[in-house]
$ cat coords-v3.cif   # mmCIF, C-alpha atoms and all ligand atoms
data_model
#
loop_
_atom_site.label_atom_id
_atom_site.label_comp_id
_atom_site.auth_asym_id
_atom_site.auth_seq_id
_atom_site.Cartn_x
_atom_site.Cartn_y
_atom_site.Cartn_z
CA MET A 1189 -67.09 6.45 -37.30
CA THR A 1190 -65.95 9.40 -39.43
CA ARG A 1191 -64.16 8.94 -42.75
CA GLY A 1192 -60.94 10.35 -41.22
CA THR A 1193 -61.03 7.86 -38.32
CA ARG A 1194 -61.62 4.95 -40.74
CA ALA A 1195 -58.65 6.00 -42.89
CA PHE A 1196 -56.42 6.29 -39.81
CA LEU A 1197 -57.41 2.82 -38.53
CA LEU A 1198 -56.85 1.26 -41.97
CA SER A 1199 -53.34 2.68 -42.37
CA TRP A 1200 -52.46 1.61 -38.80
CA ALA A 1201 -53.62 -1.96 -39.56
CA ILE A 1202 -51.45 -2.11 -42.72
CA VAL A 1203 -48.32 -0.96 -40.86
CA ALA A 1204 -48.94 -3.44 -38.00
CA GLY A 1205 -49.53 -6.29 -40.49
CA LEU A 1206 -46.25 -5.62 -42.30
CA ALA A 1207 -44.31 -5.52 -39.04
CA CYS A 1208 -45.72 -8.95 -38.12
CA SER A 1209 -45.11 -10.55 -41.52
CA THR A 1210 -41.45 -9.46 -41.64
CA GLY A 1211 -40.84 -10.59 -38.05
CA ALA A 1212 -39.67 -7.06 -37.27
CA SER A 1213 -38.55 -5.88 -33.82
CA THR A 1214 -37.97 -8.86 -31.48
CA GLY A 1215 -37.21 -12.58 -31.99
CA ALA A 1216 -39.23 -14.01 -34.85
CA SER A 1217 -41.17 -17.21 -35.23
CA ASN A 1218 -40.89 -18.94 -38.61
CA GLY A 1219 -44.45 -20.23 -38.29
CA ASP A 1220 -43.59 -23.71 -37.02
CA ASP A 1221 -42.66 -22.64 -33.51
CA THR A 1222 -38.90 -22.65 -34.19
CA GLN A 1223 -37.61 -19.49 -32.54
CA PHE A 1224 -34.71 -17.56 -33.99
CA PRO A 1225 -32.61 -14.80 -32.46
CA ALA A 1226 -33.53 -11.28 -33.44
CA THR A 1227 -30.48 -10.59 -35.64
CA PRO A 1228 -31.75 -10.03 -39.19
CA SER A 1229 -29.49 -12.64 -40.84
CA GLN A 1230 -30.52 -15.48 -38.50
CA ALA A 1231 -34.19 -14.43 -38.28
CA GLU A 1232 -34.34 -14.87 -42.07
CA ARG A 1233 -32.56 -18.27 -42.16
CA ARG A 1234 -34.61 -21.41 -41.74
CA PRO A 1235 -33.14 -24.91 -41.39
CA ASP A 1236 -32.53 -26.55 -44.78
CA VAL A 1237 -33.71 -29.85 -43.35
CA ILE A 1238 -35.66 -30.77 -40.23
CA PHE A 1239 -34.21 -32.57 -37.22
CA VAL A 1240 -34.34 -36.36 -37.53
CA PRO A 1241 -31.87 -38.07 -35.19
CA THR A 1242 -29.52 -40.82 -36.37
CA ARG A 1243 -30.15 -44.08 -34.54
CA GLU A 1244 -27.41 -45.30 -32.21
CA ALA A 1245 -26.45 -48.32 -34.36
CA VAL A 1246 -25.97 -46.01 -37.35
CA VAL A 1247 -23.97 -43.50 -35.27
CA GLU A 1248 -21.64 -46.35 -34.26
CA ALA A 1249 -21.31 -47.52 -37.87
CA MET A 1250 -20.50 -43.99 -39.08
CA LEU A 1251 -17.73 -43.51 -36.50
CA LYS A 1252 -16.38 -47.01 -37.13
CA ALA A 1253 -16.32 -46.44 -40.92
CA ALA A 1254 -14.31 -43.24 -40.37
CA LYS A 1255 -12.04 -45.04 -37.86
CA VAL A 1256 -12.57 -42.27 -35.30
CA GLY A 1257 -10.04 -42.26 -32.46
CA PRO A 1258 -8.38 -39.95 -29.92
CA ASN A 1259 -6.40 -38.04 -32.59
CA ASP A 1260 -9.50 -36.98 -34.50
CA VAL A 1261 -11.51 -33.78 -34.60
CA VAL A 1262 -15.03 -34.72 -35.66
CA TYR A 1263 -17.38 -32.08 -37.10
CA ASP A 1264 -21.09 -32.88 -37.40
CA LEU A 1265 -22.65 -30.35 -39.79
CA GLY A 1266 -26.26 -30.01 -38.70
CA CYS A 1267 -25.59 -31.69 -35.36
CA GLY A 1268 -29.15 -31.87 -34.00
CA ASP A 1269 -29.07 -33.02 -30.38
CA GLY A 1270 -25.32 -33.67 -30.61
CA ARG A 1271 -25.44 -37.45 -30.43
CA ILE A 1272 -22.73 -38.06 -33.09
CA VAL A 1273 -20.36 -35.53 -31.53
CA VAL A 1274 -20.97 -36.94 -28.04
CA ALA A 1275 -20.37 -40.50 -29.27
CA ALA A 1276 -17.12 -39.38 -30.96
CA ALA A 1277 -15.99 -37.70 -27.73
CA LYS A 1278 -16.65 -40.96 -25.85
CA LEU A 1279 -14.10 -42.56 -28.24
CA GLY A 1280 -11.58 -39.94 -27.14
CA ALA A 1281 -11.94 -37.58 -30.12
CA ARG A 1282 -12.62 -33.86 -29.94
CA GLY A 1283 -15.98 -32.91 -31.42
CA VAL A 1284 -17.64 -29.84 -32.88
CA GLY A 1285 -21.34 -29.66 -33.70
CA ILE A 1286 -22.91 -26.89 -35.75
CA ASP A 1287 -26.65 -26.33 -36.00
CA ILE A 1288 -28.82 -23.44 -37.10
CA ASP A 1289 -31.54 -24.19 -34.53
CA PRO A 1290 -30.82 -22.81 -31.03
CA GLN A 1291 -33.06 -25.43 -29.42
CA ARG A 1292 -30.89 -28.20 -30.89
CA ILE A 1293 -27.70 -26.52 -29.67
CA ALA A 1294 -29.15 -26.26 -26.15
CA GLU A 1295 -30.08 -29.97 -26.22
CA ALA A 1296 -26.63 -30.93 -27.54
CA LYS A 1297 -24.88 -29.05 -24.73
CA GLU A 1298 -27.10 -30.71 -22.15
CA ASN A 1299 -26.44 -34.17 -23.68
CA ALA A 1300 -22.68 -33.56 -23.61
CA ARG A 1301 -22.90 -32.49 -19.97
CA ALA A 1302 -24.97 -35.58 -19.07
CA ALA A 1303 -22.40 -37.82 -20.82
CA GLY A 1304 -19.52 -36.10 -19.02
CA VAL A 1305 -17.74 -35.07 -22.25
CA GLU A 1306 -18.42 -31.32 -22.27
CA GLY A 1307 -14.67 -30.65 -22.02
CA ARG A 1308 -14.03 -32.30 -25.41
CA VAL A 1309 -16.92 -30.86 -27.41
CA ASP A 1310 -18.02 -27.52 -28.73
CA PHE A 1311 -21.53 -26.79 -30.04
CA ARG A 1312 -21.94 -23.72 -32.22
CA LEU A 1313 -25.08 -21.98 -33.40
CA GLY A 1314 -24.65 -21.20 -37.08
CA ASP A 1315 -25.15 -22.03 -40.71
CA LEU A 1316 -23.18 -25.08 -41.82
CA PHE A 1317 -22.69 -23.51 -45.25
CA GLU A 1318 -20.76 -20.64 -43.64
CA ALA A 1319 -18.81 -22.58 -41.02
CA ASP A 1320 -15.03 -22.80 -40.88
CA ILE A 1321 -14.40 -26.56 -40.90
CA ARG A 1322 -10.68 -26.58 -41.74
CA GLU A 1323 -9.55 -28.27 -38.52
CA ALA A 1324 -11.81 -31.33 -39.01
CA SER A 1325 -10.23 -34.73 -39.62
CA VAL A 1326 -13.70 -36.32 -39.88
CA VAL A 1327 -16.96 -34.72 -41.05
CA THR A 1328 -20.32 -36.36 -40.45
CA LEU A 1329 -23.51 -35.54 -42.34
CA TYR A 1330 -27.19 -36.42 -42.18
CA LEU A 1331 -28.72 -33.84 -44.48
CA LEU A 1332 -30.21 -34.42 -47.95
CA PRO A 1333 -28.66 -35.44 -51.31
CA SER A 1334 -29.05 -31.90 -52.71
CA LEU A 1335 -27.44 -30.38 -49.58
CA ASN A 1336 -24.52 -32.83 -49.78
CA VAL A 1337 -23.94 -31.82 -53.40
CA LYS A 1338 -24.18 -28.12 -52.48
CA LEU A 1339 -21.69 -28.67 -49.64
CA LYS A 1340 -19.14 -30.62 -51.69
CA PRO A 1341 -17.16 -27.61 -53.04
CA ARG A 1342 -16.74 -26.31 -49.48
CA LEU A 1343 -15.56 -29.73 -48.26
CA MET A 1344 -13.04 -29.92 -51.12
CA GLU A 1345 -11.83 -26.36 -50.54
CA GLN A 1346 -11.47 -26.43 -46.74
CA LEU A 1347 -10.61 -29.99 -45.75
CA ARG A 1348 -7.12 -31.46 -45.84
CA PRO A 1349 -6.34 -34.50 -47.99
CA GLY A 1350 -7.06 -37.65 -46.01
CA THR A 1351 -10.03 -36.14 -44.12
CA ARG A 1352 -12.89 -38.64 -43.97
CA ILE A 1353 -16.50 -37.74 -44.66
CA VAL A 1354 -19.34 -40.01 -43.62
CA SER A 1355 -22.95 -39.50 -44.59
CA HIS A 1356 -26.02 -41.19 -43.21
CA ASP A 1357 -28.30 -42.34 -46.03
CA PHE A 1358 -27.38 -39.78 -48.69
CA ASP A 1359 -24.75 -39.88 -51.41
CA MET A 1360 -22.91 -36.96 -52.98
CA GLY A 1361 -23.95 -36.95 -56.63
CA ASP A 1362 -21.19 -38.15 -58.94
CA TRP A 1363 -18.54 -38.42 -56.19
CA GLN A 1364 -18.18 -42.18 -55.78
CA PRO A 1365 -17.79 -43.28 -52.13
CA ASP A 1366 -14.80 -45.37 -50.96
CA GLU A 1367 -17.23 -47.54 -49.02
CA THR A 1368 -20.97 -48.11 -48.72
CA ILE A 1369 -22.10 -49.86 -45.55
CA ALA A 1370 -25.57 -51.26 -44.84
CA VAL A 1371 -26.62 -51.03 -41.20
CA ASP A 1372 -29.97 -51.39 -39.51
CA GLY A 1373 -31.84 -50.84 -42.79
CA LYS A 1374 -29.84 -47.66 -43.50
CA THR A 1375 -26.81 -46.83 -45.63
CA VAL A 1376 -23.56 -45.19 -44.53
CA TYR A 1377 -21.30 -43.62 -47.20
CA LEU A 1378 -17.58 -42.95 -46.69
CA TRP A 1379 -15.39 -40.65 -48.78
CA THR A 1380 -11.79 -39.44 -48.31
CA ILE A 1381 -10.60 -36.01 -49.44
CA PRO A 1382 -8.11 -36.76 -52.24
CA LYS A 1383 -4.56 -35.43 -52.62
CA ARG A 1384 -4.40 -32.12 -54.47
C1 LIG B 1401 -31.53 -34.76 -40.11
S1 LIG B 1401 -30.94 -33.75 -38.74
C2 LIG B 1401 -29.44 -34.60 -38.31
C3 LIG B 1401 -29.03 -34.40 -36.86
C4 LIG B 1401 -27.75 -35.13 -36.44
N1 LIG B 1401 -26.64 -34.83 -37.32
C5 LIG B 1401 -27.96 -36.61 -36.42
O1 LIG B 1401 -27.52 -37.28 -37.38
O2 LIG B 1401 -28.56 -37.14 -35.46
C6 LIG B 1401 -30.38 -32.27 -39.60
C7 LIG B 1401 -30.01 -31.11 -38.70
O3 LIG B 1401 -29.46 -30.09 -39.52
C8 LIG B 1401 -29.84 -28.82 -39.00
N2 LIG B 1401 -29.73 -27.84 -40.09
C9 LIG B 1401 -30.52 -27.69 -41.17
N3 LIG B 1401 -30.06 -26.72 -41.97
C10 LIG B 1401 -28.93 -26.23 -41.39
C11 LIG B 1401 -27.99 -25.23 -41.76
N4 LIG B 1401 -28.11 -24.53 -42.88
N5 LIG B 1401 -26.95 -25.00 -40.92
C12 LIG B 1401 -26.81 -25.72 -39.77
N6 LIG B 1401 -27.68 -26.67 -39.38
C13 LIG B 1401 -28.72 -26.94 -40.19
C14 LIG B 1401 -31.25 -29.05 -38.48
O4 LIG B 1401 -31.60 -28.08 -37.51
C15 LIG B 1401 -31.15 -30.47 -37.93
O5 LIG B 1401 -30.83 -30.46 -36.55
#
$ encode --input "coords-v3.cif" --output "structure tokens"
Amino acid sequence: MTRGTRAFLLSWAIVAGLACSTGASTGASNGDDTQFPATPSQAERRPDVIFVPTREAVVEAMLKAAKVGPNDVVYDLGCGDGRIVVAAAKLGARGVGIDIDPQRIAEAKENARAAGVEGRVDFRLGDLFEADIREASVVTLYLLPSLNVKLKPRLMEQLRPGTRIVSHDFDMGDWQPDETIAVDGKTVYLWTIPKR
């Protein structure tokens, strides 16, 4: 192999390597088999927390704590397979689930269809930290303590006084909950957006 050929092959390998490491061109893998759409903003965004579903007994306790009924609009931020939104819809509420992982959104839609509540729910692919949540009367969370704290200013800014927030297992820093409920070895926290 001549010197010129070696130099050409080396520069080609560097360009190809960069294209792979930036996930350039088509849909990108984040290395753990989670596939993202090819738009630059979403290809760069990884979930802040992995999918761990809330057990049914805890879902029931969360919706009961928030007194969810037919007049409610329930938002689950980081909705996973949609189980909380589907359970809320079975109580007559309208539900919206937001998740950054397209696989979760696909599962949630299928679960809503199987439960026969697809007419009362909406599942949206997106970042919960950028979502418009103003219409919610109940917000449900199963994230992490640090994510709850990061989210708090957005909850305070967008939600109307009286909106209930329920969190599975994680508190919200120095914001004292109205209620703390033990269920099935887990903890459910309830807060209410105060009057301004
Ligand atoms: C612990 S799971 C909870 C799932 C569901 N809420 C439940 O309780 O069964 C957290 C979910 O949040 C999603 N998630 C993580 N970061 C996110 C973000 N920035 N925006 C939207 N969803 C996110 C994950 O994909 C995952 O499905």
$ residues_around --input "coords-v3.cif" --residues "Lys1297 (chain A)" --least-positions-apart "2" --cutoff "8 Å" --atoms "all atoms listed in the file" --output "ChimeraX atom specification"
/A:1270,1293-1295,1299-1301,1306,1311
$ closest_residue --input "coords-v3.cif" --among "A:Val1246, A:Leu1316, A:Leu1265, A:Val1284" --to "Arg1233 (chain A)" --atoms "only C-alpha atoms"
A:Leu1316
$ closest_atom_pairs --input "coords-v3.cif" --of "chain A" --to "ligand LIG 1401 (chain B)" --cutoff "10 Å" --atoms "only C-alpha atoms and all ligand atoms" --output "Markdown table"
| residue | atom | partner | partner_atom | distance |
| --- | --- | --- | --- | --- |
| A:Thr1222 | CA | B:LIG1401 | O4 | 9.7 |
| A:Arg1233 | CA | B:LIG1401 | N4 | 7.7 |
| A:Arg1234 | CA | B:LIG1401 | N3 | 7.0 |
| A:Pro1235 | CA | B:LIG1401 | N3 | 3.6 |
| A:Asp1236 | CA | B:LIG1401 | N3 | 3.7 |
| A:Val1237 | CA | B:LIG1401 | C9 | 4.4 |
| A:Ile1238 | CA | B:LIG1401 | C14 | 5.0 |
| A:Phe1239 | CA | B:LIG1401 | C15 | 3.8 |
| A:Val1240 | CA | B:LIG1401 | C1 | 4.1 |
| A:Pro1241 | CA | B:LIG1401 | O2 | 3.4 |
| A:Thr1242 | CA | B:LIG1401 | O2 | 3.9 |
| A:Arg1243 | CA | B:LIG1401 | O2 | 7.2 |
| A:Glu1244 | CA | B:LIG1401 | O2 | 8.9 |
| A:Val1246 | CA | B:LIG1401 | O1 | 8.9 |
| A:Val1247 | CA | B:LIG1401 | O1 | 7.5 |
| A:Met1250 | CA | B:LIG1401 | O1 | 9.9 |
| A:Tyr1263 | CA | B:LIG1401 | N1 | 9.7 |
| A:Asp1264 | CA | B:LIG1401 | N1 | 5.9 |
| A:Leu1265 | CA | B:LIG1401 | C12 | 6.2 |
| A:Gly1266 | CA | B:LIG1401 | O3 | 3.3 |
| A:Cys1267 | CA | B:LIG1401 | N1 | 3.8 |
| A:Gly1268 | CA | B:LIG1401 | O5 | 3.4 |
| A:Asp1269 | CA | B:LIG1401 | C4 | 6.6 |
| A:Gly1270 | CA | B:LIG1401 | C4 | 6.5 |
| A:Arg1271 | CA | B:LIG1401 | O2 | 5.9 |
| A:Ile1272 | CA | B:LIG1401 | O2 | 6.4 |
| A:Val1273 | CA | B:LIG1401 | N1 | 8.6 |
| A:Gly1285 | CA | B:LIG1401 | N1 | 8.2 |
| A:Ile1286 | CA | B:LIG1401 | C12 | 5.7 |
| A:Asp1287 | CA | B:LIG1401 | N6 | 3.5 |
| A:Ile1288 | CA | B:LIG1401 | C12 | 4.0 |
| A:Asp1289 | CA | B:LIG1401 | O4 | 4.9 |
| A:Pro1290 | CA | B:LIG1401 | O4 | 8.4 |
| A:Gln1291 | CA | B:LIG1401 | O4 | 8.6 |
| A:Arg1292 | CA | B:LIG1401 | O5 | 6.1 |
| A:Ile1293 | CA | B:LIG1401 | O5 | 8.5 |
| A:Ala1296 | CA | B:LIG1401 | C4 | 9.9 |
| A:Arg1312 | CA | B:LIG1401 | C12 | 9.2 |
| A:Leu1313 | CA | B:LIG1401 | C12 | 7.6 |
| A:Gly1314 | CA | B:LIG1401 | C12 | 5.7 |
| A:Asp1315 | CA | B:LIG1401 | N5 | 3.5 |
| A:Leu1316 | CA | B:LIG1401 | N5 | 3.9 |
| A:Phe1317 | CA | B:LIG1401 | N4 | 6.0 |
| A:Glu1318 | CA | B:LIG1401 | N5 | 8.0 |
| A:Ala1319 | CA | B:LIG1401 | N5 | 8.5 |
| A:Thr1328 | CA | B:LIG1401 | N1 | 7.2 |
| A:Leu1329 | CA | B:LIG1401 | N1 | 6.0 |
| A:Tyr1330 | CA | B:LIG1401 | C2 | 4.8 |
| A:Leu1331 | CA | B:LIG1401 | C1 | 5.3 |
| A:Leu1332 | CA | B:LIG1401 | C1 | 8.0 |
| A:Leu1335 | CA | B:LIG1401 | N3 | 8.8 |
| A:Ser1355 | CA | B:LIG1401 | O1 | 8.8 |
| A:His1356 | CA | B:LIG1401 | O1 | 7.2 |
$ write_last_selection --input "coords-v3.cif" --atoms "C-alpha atoms" --output "PDB file, in the frame of the given file"
ATOM      1  CA  THR A1222     -38.900 -22.650 -34.190  1.00  0.00           C
ATOM      2  CA  ARG A1233     -32.560 -18.270 -42.160  1.00  0.00           C
ATOM      3  CA  ARG A1234     -34.610 -21.410 -41.740  1.00  0.00           C
ATOM      4  CA  PRO A1235     -33.140 -24.910 -41.390  1.00  0.00           C
ATOM      5  CA  ASP A1236     -32.530 -26.550 -44.780  1.00  0.00           C
ATOM      6  CA  VAL A1237     -33.710 -29.850 -43.350  1.00  0.00           C
ATOM      7  CA  ILE A1238     -35.660 -30.770 -40.230  1.00  0.00           C
ATOM      8  CA  PHE A1239     -34.210 -32.570 -37.220  1.00  0.00           C
ATOM      9  CA  VAL A1240     -34.340 -36.360 -37.530  1.00  0.00           C
ATOM     10  CA  PRO A1241     -31.870 -38.070 -35.190  1.00  0.00           C
ATOM     11  CA  THR A1242     -29.520 -40.820 -36.370  1.00  0.00           C
ATOM     12  CA  ARG A1243     -30.150 -44.080 -34.540  1.00  0.00           C
ATOM     13  CA  GLU A1244     -27.410 -45.300 -32.210  1.00  0.00           C
ATOM     14  CA  VAL A1246     -25.970 -46.010 -37.350  1.00  0.00           C
ATOM     15  CA  VAL A1247     -23.970 -43.500 -35.270  1.00  0.00           C
ATOM     16  CA  MET A1250     -20.500 -43.990 -39.080  1.00  0.00           C
ATOM     17  CA  TYR A1263     -17.380 -32.080 -37.100  1.00  0.00           C
ATOM     18  CA  ASP A1264     -21.090 -32.880 -37.400  1.00  0.00           C
ATOM     19  CA  LEU A1265     -22.650 -30.350 -39.790  1.00  0.00           C
ATOM     20  CA  GLY A1266     -26.260 -30.010 -38.700  1.00  0.00           C
ATOM     21  CA  CYS A1267     -25.590 -31.690 -35.360  1.00  0.00           C
ATOM     22  CA  GLY A1268     -29.150 -31.870 -34.000  1.00  0.00           C
ATOM     23  CA  ASP A1269     -29.070 -33.020 -30.380  1.00  0.00           C
ATOM     24  CA  GLY A1270     -25.320 -33.670 -30.610  1.00  0.00           C
ATOM     25  CA  ARG A1271     -25.440 -37.450 -30.430  1.00  0.00           C
ATOM     26  CA  ILE A1272     -22.730 -38.060 -33.090  1.00  0.00           C
ATOM     27  CA  VAL A1273     -20.360 -35.530 -31.530  1.00  0.00           C
ATOM     28  CA  GLY A1285     -21.340 -29.660 -33.700  1.00  0.00           C
ATOM     29  CA  ILE A1286     -22.910 -26.890 -35.750  1.00  0.00           C
ATOM     30  CA  ASP A1287     -26.650 -26.330 -36.000  1.00  0.00           C
ATOM     31  CA  ILE A1288     -28.820 -23.440 -37.100  1.00  0.00           C
ATOM     32  CA  ASP A1289     -31.540 -24.190 -34.530  1.00  0.00           C
ATOM     33  CA  PRO A1290     -30.820 -22.810 -31.030  1.00  0.00           C
ATOM     34  CA  GLN A1291     -33.060 -25.430 -29.420  1.00  0.00           C
ATOM     35  CA  ARG A1292     -30.890 -28.200 -30.890  1.00  0.00           C
ATOM     36  CA  ILE A1293     -27.700 -26.520 -29.670  1.00  0.00           C
ATOM     37  CA  ALA A1296     -26.630 -30.930 -27.540  1.00  0.00           C
ATOM     38  CA  ARG A1312     -21.940 -23.720 -32.220  1.00  0.00           C
ATOM     39  CA  LEU A1313     -25.080 -21.980 -33.400  1.00  0.00           C
ATOM     40  CA  GLY A1314     -24.650 -21.200 -37.080  1.00  0.00           C
ATOM     41  CA  ASP A1315     -25.150 -22.030 -40.710  1.00  0.00           C
ATOM     42  CA  LEU A1316     -23.180 -25.080 -41.820  1.00  0.00           C
ATOM     43  CA  PHE A1317     -22.690 -23.510 -45.250  1.00  0.00           C
ATOM     44  CA  GLU A1318     -20.760 -20.640 -43.640  1.00  0.00           C
ATOM     45  CA  ALA A1319     -18.810 -22.580 -41.020  1.00  0.00           C
ATOM     46  CA  THR A1328     -20.320 -36.360 -40.450  1.00  0.00           C
ATOM     47  CA  LEU A1329     -23.510 -35.540 -42.340  1.00  0.00           C
ATOM     48  CA  TYR A1330     -27.190 -36.420 -42.180  1.00  0.00           C
ATOM     49  CA  LEU A1331     -28.720 -33.840 -44.480  1.00  0.00           C
ATOM     50  CA  LEU A1332     -30.210 -34.420 -47.950  1.00  0.00           C
ATOM     51  CA  LEU A1335     -27.440 -30.380 -49.580  1.00  0.00           C
ATOM     52  CA  SER A1355     -22.950 -39.500 -44.590  1.00  0.00           C
ATOM     53  CA  HIS A1356     -26.020 -41.190 -43.210  1.00  0.00           C
TER      54      HIS A1356
END
$ atom_distance --input "coords-v3.cif" --atom1 "CA of Val1274 (chain A)" --atom2 "CA of Ile1353 (chain A)"
17.2 Å
$ atom_distance --input "coords-v3.cif" --atom1 "CA of Val1376 (chain A)" --atom2 "CA of Gly1307 (chain A)"
28.2 Å
$ build_atoms --input "coords-v3.cif" --residues "region 1343-1369 of chain A" --atoms "N, CA and C atoms" --output "tab-separated table (two decimals), in the frame of the given file"
chain	number	residue	atom	x	y	z
A	1343	LEU	N	-16.34	-28.63	-48.84
A	1343	LEU	CA	-15.56	-29.73	-48.26
A	1343	LEU	C	-14.21	-29.84	-48.98
A	1344	MET	N	-14.26	-29.79	-50.31
A	1344	MET	CA	-13.04	-29.92	-51.12
A	1344	MET	C	-12.09	-28.75	-50.88
A	1345	GLU	N	-12.65	-27.57	-50.69
A	1345	GLU	CA	-11.83	-26.36	-50.54
A	1345	GLU	C	-11.18	-26.30	-49.15
A	1346	GLN	N	-11.95	-26.66	-48.11
A	1346	GLN	CA	-11.47	-26.43	-46.74
A	1346	GLN	C	-10.76	-27.62	-46.10
A	1347	LEU	N	-11.13	-28.83	-46.48
A	1347	LEU	CA	-10.61	-29.99	-45.75
A	1347	LEU	C	-9.28	-30.47	-46.31
A	1348	ARG	N	-8.43	-30.95	-45.42
A	1348	ARG	CA	-7.12	-31.46	-45.84
A	1348	ARG	C	-7.26	-32.83	-46.50
A	1349	PRO	N	-6.34	-33.16	-47.42
A	1349	PRO	CA	-6.34	-34.50	-47.99
A	1349	PRO	C	-6.28	-35.55	-46.87
A	1350	GLY	N	-7.04	-36.60	-47.03
A	1350	GLY	CA	-7.06	-37.65	-46.01
A	1350	GLY	C	-8.23	-37.50	-45.03
A	1351	THR	N	-8.87	-36.33	-45.01
A	1351	THR	CA	-10.03	-36.14	-44.12
A	1351	THR	C	-11.16	-37.06	-44.60
A	1352	ARG	N	-11.79	-37.72	-43.63
A	1352	ARG	CA	-12.89	-38.64	-43.97
A	1352	ARG	C	-14.23	-37.93	-43.81
A	1353	ILE	N	-15.14	-38.28	-44.71
A	1353	ILE	CA	-16.50	-37.74	-44.66
A	1353	ILE	C	-17.45	-38.92	-44.62
A	1354	VAL	N	-18.35	-38.93	-43.65
A	1354	VAL	CA	-19.34	-40.01	-43.62
A	1354	VAL	C	-20.73	-39.39	-43.66
A	1355	SER	N	-21.58	-40.00	-44.46
A	1355	SER	CA	-22.95	-39.50	-44.59
A	1355	SER	C	-23.94	-40.61	-44.31
A	1356	HIS	N	-24.92	-40.29	-43.50
A	1356	HIS	CA	-26.02	-41.19	-43.21
A	1356	HIS	C	-27.03	-41.07	-44.35
A	1357	ASP	N	-27.22	-42.16	-45.03
A	1357	ASP	CA	-28.30	-42.34	-46.03
A	1357	ASP	C	-28.15	-41.60	-47.36
A	1358	PHE	N	-27.36	-40.54	-47.44
A	1358	PHE	CA	-27.38	-39.78	-48.69
A	1358	PHE	C	-26.01	-39.71	-49.35
A	1359	ASP	N	-26.01	-39.92	-50.66
A	1359	ASP	CA	-24.75	-39.88	-51.41
A	1359	ASP	C	-24.39	-38.44	-51.77
A	1360	MET	N	-23.39	-38.31	-52.65
A	1360	MET	CA	-22.91	-36.96	-52.98
A	1360	MET	C	-22.77	-36.86	-54.50
A	1361	GLY	N	-23.90	-37.09	-55.17
A	1361	GLY	CA	-23.95	-36.95	-56.63
A	1361	GLY	C	-22.97	-37.88	-57.31
A	1362	ASP	N	-22.08	-37.30	-58.14
A	1362	ASP	CA	-21.19	-38.15	-58.94
A	1362	ASP	C	-19.88	-38.48	-58.22
A	1363	TRP	N	-19.74	-38.06	-56.96
A	1363	TRP	CA	-18.54	-38.42	-56.19
A	1363	TRP	C	-18.75	-39.83	-55.62
A	1364	GLN	N	-18.01	-40.79	-56.20
A	1364	GLN	CA	-18.18	-42.18	-55.78
A	1364	GLN	C	-17.59	-42.40	-54.38
A	1365	PRO	N	-18.33	-43.03	-53.47
A	1365	PRO	CA	-17.79	-43.28	-52.13
A	1365	PRO	C	-16.71	-44.36	-52.13
A	1366	ASP	N	-15.80	-44.30	-51.14
A	1366	ASP	CA	-14.80	-45.37	-50.96
A	1366	ASP	C	-15.49	-46.63	-50.45
A	1367	GLU	N	-16.53	-46.40	-49.64
A	1367	GLU	CA	-17.23	-47.54	-49.02
A	1367	GLU	C	-18.70	-47.21	-48.88
A	1368	THR	N	-19.53	-48.24	-48.99
A	1368	THR	CA	-20.97	-48.11	-48.72
A	1368	THR	C	-21.33	-49.23	-47.76
A	1369	ILE	N	-21.87	-48.87	-46.61
A	1369	ILE	CA	-22.10	-49.86	-45.55
A	1369	ILE	C	-23.59	-49.90	-45.24
